[in-house]
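Enquirer: Following this message is one structure expressed as structure tokens.
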Amino acid sequence: MVTITDYSLRTTAEGKEFYSIILQGGIEMVKSKATERFYATIKKCSITSTFDEATCKASIGERIPGSIQKQTCEPYSYVAKETGEILTLTHRWVYLPEGASLEEAIYEEMPAETSSIQPIFLKHAS
């Protein structure tokens, strides 16, 4: 299960505004590669929505079946909020509906005339 914890007003390249909702998974224990000690973390991601602001506010706390998983992607730059450091990342966190595999959530079949696949739009955490 994931929980809607927040929302954010975003703007497309064309200048159109829309709201994305912020999803958060449960607490996970991860072993540090540097210290080999465990620490608690929570995975988050954002997804686009058709909601207006009132619906976004009302949806906070809603639980949705599914999980947040790591997806490999093309490298991109990210500024760490705490330090201002510019990092190059090669993954995104994506929402997966309950019972779906990462491959099923990322790709859908194109029409029968083509044999290629088309990615579904998935947003990374902010």
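Chain labels A, B, ... are given in the sequence in which chains occur in the structure tokens; within each chain residues are numbered consecutively from 1, and ligands are likewise numbered from 1 in the order shown.
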Residues at most 12 Å from Ala58 of chain A, counting only C-alpha atoms, excluding those fewer than 3 positions away in the same chain, as a list in words?

Expert: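 Final neighbour list, sorted by chain and number: Ile4, Thr5, Asp6, Tyr7, Ile21, Phe51, Asp52, Glu53, Ala54, Thr55, Gly61 and Glu62 of chain A.
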
Enquirer: Write out as a VMD selection string the set of residues from segment 22-62 of chain A that DSSP, computed on the backbone, places in alpha helix (DSSP H).

Expert: chain A and resid 53 to 59

Enquirer: Please produce a file of those selected residues containing all heavy atoms, as a compact mmCIF listing (two decimals), in the first residue's frame.

Expert:
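Wrote again-v1.txt, looks like this:
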```
# COMPACT_ATOMS: atom_id res chain seq x y z
N GLU A 53 -7.25 21.40 -7.00
CA GLU A 53 -6.59 21.51 -5.72
C GLU A 53 -7.45 20.97 -4.57
O GLU A 53 -6.94 20.31 -3.66
CB GLU A 53 -6.19 22.96 -5.43
CG GLU A 53 -5.38 23.08 -4.15
CD GLU A 53 -4.79 24.45 -3.93
OE1 GLU A 53 -5.24 25.41 -4.57
OE2 GLU A 53 -3.87 24.55 -3.09
N ALA A 54 -8.76 21.21 -4.61
CA ALA A 54 -9.64 20.72 -3.54
C ALA A 54 -9.62 19.20 -3.46
O ALA A 54 -9.58 18.62 -2.37
CB ALA A 54 -11.06 21.23 -3.76
N THR A 55 -9.61 18.53 -4.62
CA THR A 55 -9.56 17.07 -4.64
C THR A 55 -8.22 16.57 -4.12
O THR A 55 -8.16 15.59 -3.38
CB THR A 55 -9.82 16.54 -6.06
OG1 THR A 55 -11.08 17.06 -6.52
CG2 THR A 55 -9.84 15.03 -6.11
N CYS A 56 -7.13 17.26 -4.49
CA CYS A 56 -5.81 16.89 -3.98
C CYS A 56 -5.80 16.96 -2.45
O CYS A 56 -5.36 16.02 -1.78
CB CYS A 56 -4.73 17.82 -4.55
SG CYS A 56 -4.34 17.54 -6.27
N LYS A 57 -6.29 18.07 -1.89
CA LYS A 57 -6.32 18.24 -0.43
C LYS A 57 -7.14 17.14 0.23
O LYS A 57 -6.73 16.56 1.24
CB LYS A 57 -6.90 19.60 -0.06
CG LYS A 57 -5.95 20.74 -0.23
CD LYS A 57 -6.59 22.05 0.21
CE LYS A 57 -5.65 23.20 -0.02
NZ LYS A 57 -6.25 24.49 0.33
N ALA A 58 -8.30 16.84 -0.37
CA ALA A 58 -9.19 15.83 0.21
C ALA A 58 -8.60 14.42 0.10
O ALA A 58 -8.95 13.54 0.89
CB ALA A 58 -10.55 15.87 -0.49
N SER A 59 -7.70 14.19 -0.85
CA SER A 59 -7.11 12.87 -1.07
C SER A 59 -5.96 12.55 -0.13
O SER A 59 -5.55 11.39 -0.03
CB SER A 59 -6.62 12.75 -2.52
OG SER A 59 -7.70 12.88 -3.41
```

Enquirer: Would you work out the distance separating atom CA of Lys16 of chain A from atom CA of Lys43 of chain A, expressed in Å to one decimal?

Expert: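 According to the coordinates, atom CA of Lys16 of chain A and atom CA of Lys43 of chain A are separated by 28.1 Å.
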
Enquirer: Of the candidates A:Ile68, A:Ile27, A:Ala80, A:Ala34, which shows the shortest atom-to-atom distance to Ile47 of chain A, using only C-alpha atoms?

Expert: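 Answer, going by the shortest atom-to-atom distance: A:Ile68.
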
Enquirer: Nearest to Glu17 of chain A: which of A:Thr41, A:Thr83, A:Thr48, A:Ser32 is it, counting only C-alpha atoms?

Expert: A:Thr48

Enquirer: Restricting the calculation to only C-alpha atoms, which member of A:Arg10, A:Phe38, A:Ile86, A:Gln71 is positioned closest to Thr50 of chain A?

Expert: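 Of A:Arg10, A:Phe38, A:Ile86, A:Gln71, the one nearest Thr50 of chain A, counting only C-alpha atoms, is A:Arg10.
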
Enquirer: Using atom CA of Pro65 of chain A and atom CA of Val94 of chain A as the two end points, give the distance in Å to one decimal.

Expert: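 Pair atom CA of Pro65 of chain A / atom CA of Val94 of chain A returns 13.7 Å.
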
Enquirer: Rounded to one decimal in Å, what is the spacing between atom CA of Tyr19 of chain A and atom CA of Ala40 of chain A?

Expert: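 Pair atom CA of Tyr19 of chain A / atom CA of Ala40 of chain A returns 29.0 Å.
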
Enquirer: I want to know what sits within 10 Å of Ile42 of chain A, based on only C-alpha atoms, with residues of the same chain fewer than 5 positions away left out; could you give that as a compact mmCIF listing (two decimals) with N, CA, C and O atoms, in the first residue's frame?

Expert:
```txt
# COMPACT_ATOMS: atom_id res chain seq x y z
N GLN A 24 3.71 7.92 -0.97
CA GLN A 24 4.75 7.46 -0.04
C GLN A 24 4.48 6.02 0.34
O GLN A 24 3.35 5.66 0.68
N GLY A 25 5.54 5.20 0.30
CA GLY A 25 5.44 3.81 0.73
C GLY A 25 5.65 3.72 2.23
O GLY A 25 5.77 4.72 2.93
N GLY A 26 5.72 2.50 2.72
CA GLY A 26 5.95 2.27 4.15
C GLY A 26 7.42 2.36 4.51
O GLY A 26 8.30 2.47 3.65
N ILE A 27 7.70 2.29 5.79
CA ILE A 27 9.08 2.33 6.28
C ILE A 27 9.80 1.06 5.84
O ILE A 27 9.27 -0.03 5.93
N GLU A 28 11.03 1.24 5.36
CA GLU A 28 11.87 0.11 4.96
C GLU A 28 13.22 0.23 5.65
O GLU A 28 13.72 1.33 5.85
N MET A 29 13.79 -0.90 5.98
CA MET A 29 15.11 -0.93 6.59
C MET A 29 16.12 -1.27 5.50
O MET A 29 15.97 -2.26 4.79
N VAL A 30 17.16 -0.43 5.36
CA VAL A 30 18.17 -0.58 4.32
C VAL A 30 19.54 -0.63 4.98
O VAL A 30 19.82 0.13 5.91
N ILE A 68 6.07 1.42 -4.48
CA ILE A 68 6.98 2.33 -5.17
C ILE A 68 8.26 1.56 -5.42
O ILE A 68 8.85 1.00 -4.50
```
